[in-house]
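Text of entry-v3.txt (compact mmCIF, C-alpha atoms) as supplied:
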```txt
# COMPACT_ATOMS: atom_id res chain seq x y z
CA MET W 18 149.27 156.15 -160.55
CA ARG W 19 146.01 155.23 -158.81
CA ASP W 20 145.12 157.11 -155.67
CA ASP W 21 144.14 154.52 -153.10
CA THR W 22 143.07 157.18 -150.62
CA ILE W 23 139.84 158.05 -152.43
CA PRO W 24 137.09 155.75 -151.15
CA ALA W 25 135.12 153.94 -153.83
CA GLY W 26 131.53 154.93 -154.54
CA ALA W 27 129.80 158.27 -154.71
CA PRO W 28 131.66 161.09 -152.99
CA LEU W 29 130.13 162.17 -149.71
CA THR W 30 129.61 165.81 -148.95
CA GLY W 31 130.21 167.47 -145.62
CA MET W 32 132.80 164.94 -144.47
CA VAL W 33 135.45 166.46 -142.23
CA PHE W 34 138.62 164.48 -141.75
CA ALA W 35 140.73 164.49 -138.63
CA GLU W 36 144.04 166.32 -138.58
CA GLY W 37 146.64 164.24 -140.40
CA GLU W 38 144.11 161.68 -141.61
CA ARG W 39 144.22 162.60 -145.28
CA PRO W 40 147.43 163.27 -147.17
CA VAL W 41 148.14 166.97 -147.47
CA PHE W 42 150.15 166.68 -150.69
CA SER W 43 149.25 165.13 -154.02
CA PRO W 44 151.41 163.79 -156.83
CA GLY W 45 152.72 166.69 -158.89
CA ASP W 46 152.79 169.17 -156.01
CA LYS W 47 155.89 171.31 -155.69
CA ALA W 48 157.38 171.36 -152.20
CA ARG W 49 160.49 172.17 -150.23
CA ILE W 50 162.10 169.84 -147.74
CA LEU W 51 162.54 171.86 -144.57
CA ALA W 52 166.00 172.80 -143.36
CA ARG W 53 165.66 172.25 -139.63
CA SER W 54 168.28 170.27 -137.68
CA PRO W 55 166.79 167.91 -135.11
CA VAL W 56 169.20 166.20 -132.74
CA GLY W 57 168.89 162.71 -131.28
CA HIS W 58 167.37 161.02 -134.31
CA TYR W 59 166.13 161.86 -137.79
CA ARG W 60 165.53 160.16 -141.10
CA VAL W 61 165.89 163.13 -143.44
CA PRO W 62 169.55 163.04 -144.43
CA THR W 63 171.46 166.30 -144.14
CA TYR W 64 172.08 166.42 -147.88
CA MET W 65 168.30 166.72 -148.54
CA ARG W 66 167.64 169.66 -146.21
CA GLY W 67 166.18 172.77 -147.77
CA LYS W 68 165.94 171.25 -151.26
CA PHE W 69 163.07 171.80 -153.67
CA CYS W 70 161.24 168.69 -154.80
CA THR W 71 158.20 167.37 -156.63
CA VAL W 72 155.83 164.97 -154.89
CA GLU W 73 155.67 161.79 -156.96
CA LYS W 74 153.59 159.40 -154.87
CA ILE W 75 151.73 159.18 -151.57
CA ILE W 76 153.04 156.26 -149.53
CA GLU W 77 150.32 154.16 -147.93
CA PRO W 78 149.61 153.41 -145.17
CA ALA W 79 150.11 156.48 -143.00
CA ALA W 80 152.68 155.92 -140.26
CA VAL W 81 153.97 157.14 -136.92
CA ASP W 82 156.67 159.81 -137.22
CA ASN W 83 159.95 157.88 -137.21
CA GLU W 84 161.66 160.54 -135.09
CA GLU W 85 159.22 159.65 -132.29
CA GLU W 86 159.22 155.96 -133.11
CA ALA W 87 162.95 156.01 -132.34
CA PHE W 88 162.11 156.84 -128.74
CA GLY W 89 159.57 154.07 -128.33
CA ARG W 90 156.32 155.44 -129.71
CA ASN W 91 154.71 152.51 -131.53
CA ALA W 92 151.17 153.78 -132.04
CA GLY W 93 149.14 156.94 -132.06
CA SER W 94 148.78 159.75 -134.55
CA LYS W 95 149.98 159.04 -138.03
CA ARG W 96 150.73 161.03 -141.15
CA HIS W 97 151.82 160.17 -144.64
CA TYR W 98 155.20 159.75 -146.21
CA TYR W 99 155.68 161.01 -149.74
CA ARG W 100 158.06 159.78 -152.38
CA VAL W 101 159.59 162.97 -153.73
CA ALA W 102 161.83 163.66 -156.72
CA VAL W 103 164.81 165.99 -156.53
CA PRO W 104 167.11 166.73 -159.50
CA MET W 105 170.77 165.87 -158.85
CA SER W 106 171.67 169.42 -159.88
CA GLU W 107 169.49 170.72 -157.00
CA LEU W 108 171.38 168.56 -154.51
CA TRP W 109 174.88 168.98 -155.89
CA PRO W 110 175.54 172.24 -157.73
CA GLU W 111 178.73 170.76 -159.18
CA TYR W 112 176.97 167.59 -160.44
CA LYS W 113 178.55 166.58 -163.72
CA GLY W 114 176.01 164.11 -165.14
CA PRO W 115 173.01 164.85 -167.38
CA ALA W 116 170.41 167.32 -166.09
CA THR W 117 167.77 164.58 -166.13
CA ASP W 118 169.52 162.54 -163.38
CA GLY W 119 167.63 162.64 -160.12
CA LEU W 120 167.07 161.30 -156.66
CA ARG W 121 163.98 159.84 -155.00
CA ILE W 122 163.41 159.66 -151.26
CA GLU W 123 160.50 159.26 -148.83
CA VAL W 124 159.88 162.28 -146.64
CA TYR W 125 157.43 162.56 -143.74
CA GLU W 126 154.64 165.12 -144.12
CA THR W 127 155.90 167.36 -141.31
CA TRP W 128 159.17 167.86 -143.22
CA LEU W 129 157.55 169.31 -146.37
CA GLU W 130 156.30 172.80 -147.10
CA ARG W 131 154.28 173.70 -150.13
CA VAL W 132 155.77 176.08 -152.64
CA PRO W 133 153.82 177.83 -155.39
CA ALA W 134 153.90 175.85 -158.63
CA MET P 2 177.38 178.48 -132.98
CA PRO P 3 180.32 176.52 -131.57
CA GLU P 4 182.23 174.49 -134.12
CA THR P 5 181.46 171.26 -132.20
CA TYR P 6 177.69 171.59 -132.72
CA GLN P 7 178.06 170.04 -136.17
CA PHE P 8 178.81 166.72 -134.42
CA VAL P 9 175.57 167.01 -132.45
CA LYS P 10 173.33 167.78 -135.39
CA ARG P 11 174.92 165.45 -137.92
CA LEU P 12 174.59 161.88 -136.67
CA PRO P 13 177.43 159.45 -137.42
CA ASN P 14 175.32 157.39 -139.83
CA ASP P 15 174.37 160.41 -141.96
CA ILE P 16 177.01 160.02 -144.66
CA GLY P 17 175.16 160.58 -147.95
CA GLY P 18 177.25 162.81 -150.21
CA LEU P 19 180.47 162.67 -148.19
CA GLN P 20 183.72 161.89 -149.93
CA ALA P 21 184.71 158.25 -149.71
CA ASP P 22 186.89 155.60 -151.30
CA ALA P 23 186.05 153.52 -154.36
CA VAL P 24 183.53 150.72 -153.75
CA GLN P 25 185.13 147.37 -152.93
CA GLN P 26 182.65 144.58 -153.56
CA THR P 27 183.08 143.00 -150.16
CA ASP P 28 180.83 140.38 -148.60
CA HIS P 29 181.07 137.59 -146.05
CA VAL P 30 178.91 134.71 -144.91
CA LEU P 31 177.38 135.69 -141.58
CA LEU P 32 178.83 133.95 -138.55
CA PRO P 33 176.25 132.02 -136.50
CA TRP P 34 176.20 134.69 -133.76
CA GLU P 35 175.74 137.45 -136.37
CA LYS P 36 172.74 135.67 -137.83
CA ARG P 37 171.32 135.14 -134.34
CA CYS P 38 171.84 138.85 -133.69
CA HIS P 39 169.91 139.70 -136.87
CA ALA P 40 167.10 137.33 -135.88
CA LEU P 41 167.08 138.89 -132.39
CA ALA P 42 166.60 142.34 -133.94
CA ASP P 43 163.61 141.09 -135.92
CA VAL P 44 162.06 139.37 -132.89
CA LEU P 45 162.58 142.45 -130.69
CA ASP P 46 160.78 144.50 -133.34
CA PHE P 47 157.92 141.98 -133.69
CA HIS P 48 157.23 142.37 -129.97
CA LYS P 49 158.00 146.11 -130.03
CA ILE P 50 160.48 145.52 -127.22
CA ILE P 51 162.95 147.44 -129.39
CA ASN P 52 161.45 148.62 -132.67
CA THR P 53 163.62 149.02 -135.77
CA GLU P 54 163.76 152.79 -135.40
CA GLU P 55 164.90 152.48 -131.77
CA LYS P 56 167.64 150.13 -132.92
CA ARG P 57 168.84 152.69 -135.49
CA ARG P 58 168.78 155.44 -132.89
CA GLY P 59 170.67 153.19 -130.47
CA VAL P 60 173.42 152.63 -133.05
CA GLU P 61 173.69 156.37 -133.78
CA ALA P 62 173.87 157.03 -130.05
CA LEU P 63 177.06 154.95 -129.82
CA GLY P 64 178.81 157.95 -131.33
CA ALA P 65 181.10 158.32 -134.33
CA ASP P 66 184.10 156.71 -132.63
CA LEU P 67 182.39 153.40 -131.80
CA VAL P 68 180.35 153.41 -135.01
CA GLY P 69 183.66 153.61 -136.89
CA LYS P 70 185.41 150.90 -134.87
CA LEU P 71 182.75 148.22 -134.32
CA SER P 72 181.51 145.85 -137.01
CA TYR P 73 177.85 145.90 -138.09
CA TYR P 74 176.43 143.36 -135.64
CA GLU P 75 178.77 144.44 -132.83
CA ARG P 76 177.08 147.84 -133.06
CA TRP P 77 173.65 146.20 -132.94
CA ILE P 78 174.19 144.07 -129.86
CA VAL P 79 175.76 146.92 -127.87
CA ALA P 80 172.86 149.19 -128.88
CA PHE P 81 170.35 146.52 -127.78
CA ALA P 82 172.00 146.24 -124.37
CA ASN P 83 171.94 150.03 -123.85
CA ILE P 84 168.28 150.32 -124.90
CA LEU P 85 167.24 147.42 -122.64
CA PHE P 86 168.94 149.24 -119.73
CA GLU P 87 167.19 152.50 -120.62
CA LYS P 88 163.84 150.70 -120.63
CA ARG P 89 164.71 148.99 -117.34
CA ILE P 90 164.07 145.61 -118.92
CA LEU P 91 167.59 144.55 -117.93
CA SER P 92 170.05 146.09 -115.53
CA PRO P 93 173.77 146.41 -116.22
CA THR P 94 174.37 143.95 -113.38
CA ASP P 95 171.94 141.40 -114.84
CA LEU P 96 173.86 141.48 -118.09
CA ALA P 97 177.33 141.43 -116.51
CA LEU P 98 176.48 138.38 -114.36
CA LYS P 99 174.91 136.53 -117.28
CA MET P 100 177.90 137.31 -119.50
CA ASP P 101 180.23 135.88 -116.84
CA GLU P 102 178.07 132.77 -116.68
CA VAL P 103 178.09 132.37 -120.49
CA ALA P 104 181.85 133.00 -120.67
CA ALA P 105 182.50 130.27 -118.08
CA ARG P 106 180.77 127.60 -120.16
CA PRO P 107 182.98 125.21 -122.09
CA ARG P 108 183.22 126.40 -125.71
CA ASP P 109 182.74 123.96 -128.52
CA MET L 4 180.60 168.13 -151.09
CA SER L 5 180.66 168.46 -147.33
CA ALA L 6 184.09 168.76 -145.81
CA HIS L 7 183.07 167.95 -142.26
CA ASP L 8 183.29 164.22 -142.41
CA HIS L 9 183.74 163.31 -138.79
CA SER L 10 183.25 159.58 -139.12
CA SER L 11 186.23 157.30 -138.71
CA PRO L 12 188.83 157.41 -141.47
CA HIS L 13 189.17 153.64 -141.14
CA PRO L 14 187.28 151.35 -143.48
CA GLU L 15 184.56 149.20 -141.95
CA PRO L 16 186.36 146.70 -139.70
CA ALA L 17 186.16 143.14 -140.90
CA ALA L 18 184.03 140.95 -138.69
CA PRO L 19 186.27 138.66 -136.64
CA GLN L 20 186.01 134.92 -137.06
CA HIS L 21 184.11 134.54 -133.81
CA GLY L 22 182.18 137.11 -131.86
CA GLY L 23 184.27 136.99 -128.68
CA ASP L 24 182.79 139.32 -126.08
CA TYR L 25 180.08 140.41 -128.51
CA GLU L 26 178.97 136.84 -129.07
CA ILE L 27 178.90 136.35 -125.29
CA MET L 28 176.80 139.51 -125.00
CA GLU L 29 174.41 138.30 -127.71
CA THR L 30 173.95 134.96 -125.95
CA ALA L 31 173.47 136.62 -122.56
CA VAL L 32 170.89 139.16 -123.84
CA ARG L 33 168.93 136.46 -125.64
CA GLU L 34 168.91 134.10 -122.64
CA LEU L 35 167.88 136.88 -120.21
CA LEU L 36 164.98 137.87 -122.46
CA VAL L 37 163.84 134.24 -122.65
CA GLU L 38 164.17 133.82 -118.85
CA LYS L 39 162.02 136.91 -118.37
CA LYS L 40 159.50 135.41 -120.85
CA LEU L 41 159.74 138.50 -123.06
CA ILE L 42 160.55 136.31 -126.05
CA GLY L 43 159.78 132.65 -126.58
CA PRO L 44 162.55 130.01 -126.40
CA GLY L 45 162.17 129.02 -130.06
CA GLU L 46 161.60 132.44 -131.58
CA ILE L 47 165.18 133.19 -132.58
CA ARG L 48 165.63 129.80 -134.22
CA ARG L 49 162.36 130.26 -136.08
CA GLN L 50 163.38 133.71 -137.31
CA ILE L 51 166.72 132.31 -138.54
CA GLU L 52 164.70 129.86 -140.62
CA VAL L 53 162.69 132.79 -141.98
CA LEU L 54 165.90 134.63 -142.90
CA ASP L 55 167.40 131.52 -144.48
CA SER L 56 164.33 131.09 -146.66
CA ARG L 57 164.92 134.48 -148.33
CA SER L 58 167.49 134.92 -151.08
CA PRO L 59 167.92 136.67 -154.43
CA ALA L 60 166.29 133.61 -156.05
CA LEU L 61 162.91 134.92 -154.85
CA GLY L 62 163.49 138.35 -156.39
CA ALA L 63 164.71 136.70 -159.60
CA LYS L 64 161.47 134.74 -159.82
CA VAL L 65 159.47 137.96 -159.37
CA VAL L 66 161.46 139.65 -162.14
CA ALA L 67 161.15 136.71 -164.54
CA ARG L 68 157.40 136.53 -163.92
CA ALA L 69 157.10 140.25 -164.64
CA TRP L 70 159.01 139.84 -167.92
CA LEU L 71 156.65 137.09 -169.04
CA ASP L 72 153.29 138.20 -167.66
CA ALA L 73 152.23 141.78 -168.49
CA GLY L 74 149.31 141.62 -166.05
CA PHE L 75 151.61 140.62 -163.20
CA ARG L 76 154.10 143.30 -164.24
CA GLY L 77 151.37 145.93 -164.01
CA ARG L 78 150.30 144.78 -160.55
CA LEU L 79 153.93 144.62 -159.43
CA LEU L 80 154.60 148.21 -160.48
CA GLU L 81 151.37 149.39 -158.87
CA ASN L 82 151.94 147.68 -155.51
CA GLY L 83 155.12 145.65 -155.19
CA ARG L 84 154.28 144.08 -151.87
CA ARG L 85 150.84 142.88 -152.92
CA ALA L 86 152.16 141.36 -156.15
CA CYS L 87 154.98 139.54 -154.32
CA GLU L 88 152.42 138.26 -151.81
CA GLU L 89 150.54 136.77 -154.78
CA LEU L 90 153.61 134.57 -155.30
CA GLY L 91 153.60 133.59 -151.63
CA ILE L 92 156.39 135.95 -150.48
CA SER L 93 155.57 137.34 -147.03
CA PHE L 94 156.72 140.72 -145.71
CA TYR L 95 157.72 139.62 -142.24
CA ASP L 96 159.25 143.03 -141.48
CA ASP L 97 156.05 144.87 -142.44
CA THR L 98 157.77 147.01 -145.05
CA GLN L 99 156.21 148.21 -148.28
CA LEU L 100 157.84 147.51 -151.65
CA ILE L 101 158.14 149.81 -154.63
CA VAL L 102 159.38 148.10 -157.78
CA LEU L 103 161.39 150.41 -160.03
CA GLU L 104 161.26 149.57 -163.70
CA ASN L 105 164.35 150.10 -165.81
CA THR L 106 163.58 151.15 -169.38
CA GLU L 107 165.57 152.20 -172.45
CA SER L 108 165.55 155.73 -171.00
CA VAL L 109 165.66 155.23 -167.21
CA HIS L 110 168.12 153.33 -164.99
CA ASN L 111 167.32 152.90 -161.29
CA LEU L 112 169.78 152.45 -158.46
CA VAL L 113 168.94 151.69 -154.80
CA VAL L 114 170.89 152.80 -151.73
CA CYS L 115 170.29 153.49 -148.05
CA THR L 116 172.55 156.37 -147.02
CA LEU L 117 171.47 156.34 -143.35
CA CYS L 118 171.80 152.63 -142.61
CA SER L 119 171.13 149.46 -144.59
CA CYS L 120 167.44 149.40 -145.59
CA TYR L 121 167.07 146.61 -148.14
CA PRO L 122 164.19 144.47 -149.46
CA ARG L 123 165.09 141.56 -147.18
CA PRO L 124 161.78 139.68 -147.64
CA VAL L 125 162.52 139.27 -151.39
CA LEU L 126 166.35 139.36 -151.56
CA GLY L 127 167.57 138.10 -148.18
CA LEU L 128 170.27 140.02 -146.32
CA PRO L 129 172.33 142.67 -148.13
CA PRO L 130 176.00 142.23 -149.10
CA ASP L 131 178.63 143.98 -146.97
CA TRP L 132 179.48 146.61 -149.61
CA TYR L 133 175.87 147.84 -149.50
CA LYS L 134 176.20 148.52 -145.75
CA VAL L 135 179.52 150.41 -145.68
CA LYS L 136 180.60 153.94 -146.40
CA PRO L 137 181.90 154.08 -149.98
CA TYR L 138 178.64 152.90 -151.58
CA ARG L 139 176.32 154.68 -149.12
CA ALA L 140 178.17 157.98 -149.29
CA ARG L 141 178.71 158.17 -153.03
CA ALA L 142 175.71 156.48 -154.70
CA VAL L 143 173.63 159.62 -154.13
CA SER L 144 176.20 162.17 -155.30
CA GLU L 145 178.15 160.44 -158.07
CA PRO L 146 176.01 157.48 -159.14
CA ARG L 147 177.55 157.21 -162.60
CA LYS L 148 181.03 156.88 -161.18
CA VAL L 149 179.84 154.28 -158.66
CA LEU L 150 178.16 152.33 -161.46
CA GLU L 151 181.42 152.42 -163.47
CA GLU L 152 183.12 150.81 -160.46
CA PHE L 153 180.68 147.92 -160.90
CA GLY L 154 181.56 147.83 -164.61
CA THR L 155 178.25 149.40 -165.60
CA HIS L 156 178.28 152.22 -168.13
CA ILE L 157 175.05 154.16 -168.49
CA PRO L 158 174.97 156.45 -171.53
CA ASP L 159 174.13 160.12 -170.98
CA ASN L 160 170.80 159.83 -172.80
CA VAL L 161 169.60 157.45 -170.07
CA GLU L 162 168.31 159.14 -166.91
CA ILE L 163 169.64 157.84 -163.61
CA ARG L 164 167.22 157.67 -160.70
CA VAL L 165 168.74 156.94 -157.33
CA SER L 166 166.28 155.86 -154.62
CA ASP L 167 167.54 156.50 -151.07
CA SER L 168 165.47 154.24 -148.81
CA THR L 169 164.87 155.64 -145.36
CA ALA L 170 161.63 154.59 -143.74
CA LEU L 171 158.71 152.34 -144.65
CA VAL L 172 159.52 151.55 -148.21
CA ARG L 173 162.02 149.16 -149.72
CA TYR L 174 162.96 149.11 -153.39
CA LEU L 175 163.53 146.38 -155.95
CA VAL L 176 164.81 147.17 -159.43
CA LEU L 177 163.07 145.45 -162.33
CA PRO L 178 165.96 145.20 -164.81
CA LEU L 179 165.58 145.37 -168.58
CA ARG L 180 164.97 141.95 -170.08
CA PRO L 181 168.14 140.98 -171.94
CA GLU L 182 168.02 140.69 -175.71
CA GLY L 183 168.05 137.22 -177.20
CA THR L 184 165.78 135.70 -174.56
CA GLU L 185 162.66 135.29 -176.69
CA GLY L 186 160.97 131.99 -175.87
CA PHE L 187 162.86 131.54 -172.59
CA SER L 188 161.04 129.84 -169.74
CA GLU L 189 160.50 131.63 -166.42
CA GLU L 190 163.23 129.46 -164.90
CA ASP L 191 165.74 130.26 -167.67
CA LEU L 192 164.99 133.97 -167.34
CA ALA L 193 165.29 133.94 -163.55
CA ALA L 194 168.78 132.43 -163.90
CA LEU L 195 169.90 135.68 -165.61
CA VAL L 196 168.74 137.92 -162.76
CA THR L 197 171.37 138.56 -160.10
CA ARG L 198 171.09 140.25 -156.72
CA ASP L 199 173.18 143.14 -158.01
CA ALA L 200 170.84 143.62 -160.99
CA MET L 201 167.94 144.01 -158.55
CA ILE L 202 169.89 146.63 -156.56
CA GLY L 203 170.56 148.35 -159.89
CA VAL L 204 174.36 148.29 -159.94
CA VAL L 205 174.53 145.97 -162.97
CA ALA L 206 172.25 144.85 -165.81
CA ALA L 207 170.70 141.40 -165.95
CA ASN L 208 173.11 138.86 -167.46
CA PRO L 209 172.93 138.24 -171.20
CA PRO L 210 172.00 134.69 -172.18
CA THR L 211 174.94 132.39 -172.76
CA ARG L 212 175.16 130.68 -176.11
CA SER L 213 174.21 127.33 -174.64
CA ALA L 214 171.07 128.65 -172.90
```

Any chance you could put this one into structure tokens?
Amino acid sequence: MRDDTIPAGAPLTGMVFAEGERPVFSPGDKARILARSPVGHYRVPTYMRGKFCTVEKIIEPAAVDNEEEAFGRNAGSKRHYYRVAVPMSELWPEYKGPATDGLRIEVYETWLERVPA
Amino acid sequence: MPETYQFVKRLPNDIGGLQADAVQQTDHVLLPWEKRCHALADVLDFHKIINTEEKRRGVEALGADLVGKLSYYERWIVAFANILFEKRILSPTDLALKMDEVAARPRD
Amino acid sequence: MSAHDHSSPHPEPAAPQHGGDYEIMETAVRELLVEKKLIGPGEIRRQIEVLDSRSPALGAKVVARAWLDAGFRGRLLENGRRACEELGISFYDDTQLIVLENTESVHNLVVCTLCSCYPRPVLGLPPDWYKVKPYRARAVSEPRKVLEEFGTHIPDNVEIRVSDSTALVRYLVLPLRPEGTEGFSEEDLAALVTRDAMIGVVAANPPTRSA
């Protein structure tokens, strides 16, 4: 999968990016979806909370946090969504299908924490 | 934590993984007002009068009882009205008077 | 599975034949917004035309093109939206599109557990069953059983990948090209691709003998 976030041409040195500007996670990273419980609005379904996942793809472009968007914020600071992979057996301990079956979902950066590979 | 807090933290639309009946392959051709309601949602989002995420939040905010009883576009139009009141774009009186006016028109 | 299901035990109510008070509310809201010049008088009609111009036939054309043109297929899998835009399909709702390729070893299924996210620019509006509880609740926890309810049996040596769409991204399944379609034109191939095949609940139709 090509990484569209790397600018073409020779890499610059000394460049400092603003907070949230560059994706924090890369494809292949191991992460955990956080287990917090916001009220009012959220887009991380309850069944995904606290589950371990693997980052599969960075979603471009970066976007406003949808929890804030739901209360009328249409612009301002943005972060990335990531398409993450979670095995069905991680979500549903009693899952009866093959161990290879899995789920994919987009999760906002602030909902992911890195775990050691 | 009180038992009722589960209803606060789990919104009525958050149903992934719950037990449910077998899938019935239902569909229907949208009624003219349903299609207008869908188009209205798109136009409200284009202008960011009500963005798509605000619409979703407005539907959730109807609560489990109404979400369970109203049809899809009934939920949308009631959510739009509530959000327009919150934003002070319309007042409840504006809408009530206009609805009376519309209701009094001869129907075709 | 969670026991605290507090949503209504009733199935989704059928939409009544006319909107009644809700239709009156829709008309009143729309007219007030036009009177206040927040939306233009022709905007709703125009958007209905946009909606009416989108149907599974567009998605079927995308799929058939991908089956015939390896270069297009590659671009489609890399960036679904950009490749569809090549064919003139606009993304009026400003969503992104990830195209999920079914193979001999992977079967993809699309759901939106939280609402009804759907690739409307390429497929039109979703069917009712996609928007109501049984499919939304169960596709993520017992996908094989749900697929059986659509008459689709996926053998255990094929991995199932369920994509739950929640935010920016919409998903379109690129089904396996049916056997016996060598030499088919793009039009003949597109005729085998149904809406449900692009959601991932069924396979593309096999060719009929006369095709």

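Each of P:Ala82, P:Ala65, P:Trp77, P:Leu32 was compared to L:Gly23 using all atoms listed in the file, and P:Leu32 turns out to be the nearest.
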
With only C-alpha atoms as the counted atoms, please give the residues lying no more than 12 Å from stretch 33-45 of chain L, apart from itself and same-chain residues fewer than 6 positions off, as a PyMOL selection string.
(chain P and resi 34+37-51+78+81-82+85+90-100+102-103) or (chain L and resi 26-27+51-52)

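Taking atom CA of W:Glu86 and atom CA of L:Leu112 as endpoints, the distance between them is 27.7 Å.
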
Would you list the contacts of L:Val172 as a PyMOL selection string, taking every protein, DNA or RNA residue within 10 Å and counting all atoms listed in the file, but skipping same-chain residues closer than 3 positions in sequence?
(chain W and resi 76-77+98+100+122-123) or (chain L and resi 84+97-101+120-122+167-169)

Contacts of stretch 91-94 of chain W within 10 Å, only C-alpha atoms, excl. fewer than 6 positions in-chain, as a list of chain:residue names
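These residues fall inside the cut-off: W:Glu36, W:Gly37, W:Glu38, W:Ala79, W:Ala80, W:Val81, W:Asp82, W:Asn83, W:Glu85, P:Lys49, P:Ile51, P:Asn52, P:Glu54.
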
Could you write out as a list in words the residues of chain P within 10 Å of chain W, counting all atoms listed in the file?
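Every residue meeting the condition is included here: Gln7, Phe8, Val9, Lys10, Arg11, Leu12, Asn14, Asp15, Ile16, Gly17, Gly18, Leu19, Lys49, Ile50, Ile51, Asn52, Thr53, Glu54, Glu55, Lys56, Arg57, Arg58, Gly59, Glu61, Ala62, Ile84 and Lys88 of chain P.
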
Let me see the file: selected residues, C-alpha atoms, as a JSON list (two decimals), in the coordinates of the input.
```json
[["chain", "number", "residue", "atom", "x", "y", "z"],
["P", 7, "GLN", "CA", 178.06, 170.04, -136.17],
["P", 8, "PHE", "CA", 178.81, 166.72, -134.42],
["P", 9, "VAL", "CA", 175.57, 167.01, -132.45],
["P", 10, "LYS", "CA", 173.33, 167.78, -135.39],
["P", 11, "ARG", "CA", 174.92, 165.45, -137.92],
["P", 12, "LEU", "CA", 174.59, 161.88, -136.67],
["P", 14, "ASN", "CA", 175.32, 157.39, -139.83],
["P", 15, "ASP", "CA", 174.37, 160.41, -141.96],
["P", 16, "ILE", "CA", 177.01, 160.02, -144.66],
["P", 17, "GLY", "CA", 175.16, 160.58, -147.95],
["P", 18, "GLY", "CA", 177.25, 162.81, -150.21],
["P", 19, "LEU", "CA", 180.47, 162.67, -148.19],
["P", 49, "LYS", "CA", 158.00, 146.11, -130.03],
["P", 50, "ILE", "CA", 160.48, 145.52, -127.22],
["P", 51, "ILE", "CA", 162.95, 147.44, -129.39],
["P", 52, "ASN", "CA", 161.45, 148.62, -132.67],
["P", 53, "THR", "CA", 163.62, 149.02, -135.77],
["P", 54, "GLU", "CA", 163.76, 152.79, -135.40],
["P", 55, "GLU", "CA", 164.90, 152.48, -131.77],
["P", 56, "LYS", "CA", 167.64, 150.13, -132.92],
["P", 57, "ARG", "CA", 168.84, 152.69, -135.49],
["P", 58, "ARG", "CA", 168.78, 155.44, -132.89],
["P", 59, "GLY", "CA", 170.67, 153.19, -130.47],
["P", 61, "GLU", "CA", 173.69, 156.37, -133.78],
["P", 62, "ALA", "CA", 173.87, 157.03, -130.05],
["P", 84, "ILE", "CA", 168.28, 150.32, -124.90],
["P", 88, "LYS", "CA", 163.84, 150.70, -120.63]]
```

Contact residues (chain L, partner chain W, 10 Å, all atoms listed in the file) as a VMD selection string:
chain L and resid 4 to 5 80 to 81 99 101 109 to 113 115 to 118 143 to 148 158 to 172

Any idea what the distance is between atom CA of P:Ala104 and atom CA of P:Tyr74?
19.0 Å

Around all the atoms of stretch 77-90 of chain W listed in the file, with 6 Å of room on each side, what axis-aligned box do you get, giving centre and edge lengths in Å to one decimal, as lines of an AutoDock Vina configuration file?
```
center_x = 156.3
center_y = 157.0
center_z = -138.1
size_x = 25.3
size_y = 19.1
size_z = 31.6
```

One decimal, in Å: what's the spacing between atom CA of W:Leu29 and atom CA of W:Arg96?
22.3 Å

Give me, as an NGL selection string, all polymer residues having an atom no more than 9 Å from L:Ala193, counting only C-alpha atoms and skipping those fewer than 5 positions away in the same chain.
:L and (60 or 62-68 or 188)

Could you pull stretch 75-88 of chain L out of the structure I just pasted and write it to a file containing C-alpha atoms, as a PDB file, in the first residue's frame?
```pdb
ATOM      1  CA  PHE L  75      -8.125   0.247 -13.703  1.00  0.00           C
ATOM      2  CA  ARG L  76      -8.484  -2.530 -11.124  1.00  0.00           C
ATOM      3  CA  GLY L  77      -5.161  -1.543  -9.584  1.00  0.00           C
ATOM      4  CA  ARG L  78      -6.123   2.126  -9.402  1.00  0.00           C
ATOM      5  CA  LEU L  79      -9.533   1.212  -7.978  1.00  0.00           C
ATOM      6  CA  LEU L  80      -8.009  -0.839  -5.170  1.00  0.00           C
ATOM      7  CA  GLU L  81      -5.465   1.876  -4.429  1.00  0.00           C
ATOM      8  CA  ASN L  82      -7.969   4.749  -4.282  1.00  0.00           C
ATOM      9  CA  GLY L  83     -11.587   3.840  -4.930  1.00  0.00           C
ATOM     10  CA  ARG L  84     -12.877   7.377  -5.102  1.00  0.00           C
ATOM     11  CA  ARG L  85     -10.284   8.579  -7.592  1.00  0.00           C
ATOM     12  CA  ALA L  86     -10.843   5.586  -9.883  1.00  0.00           C
ATOM     13  CA  CYS L  87     -14.638   6.067  -9.818  1.00  0.00           C
ATOM     14  CA  GLU L  88     -14.115   9.750 -10.595  1.00  0.00           C
TER      15      GLU L  88
END
```
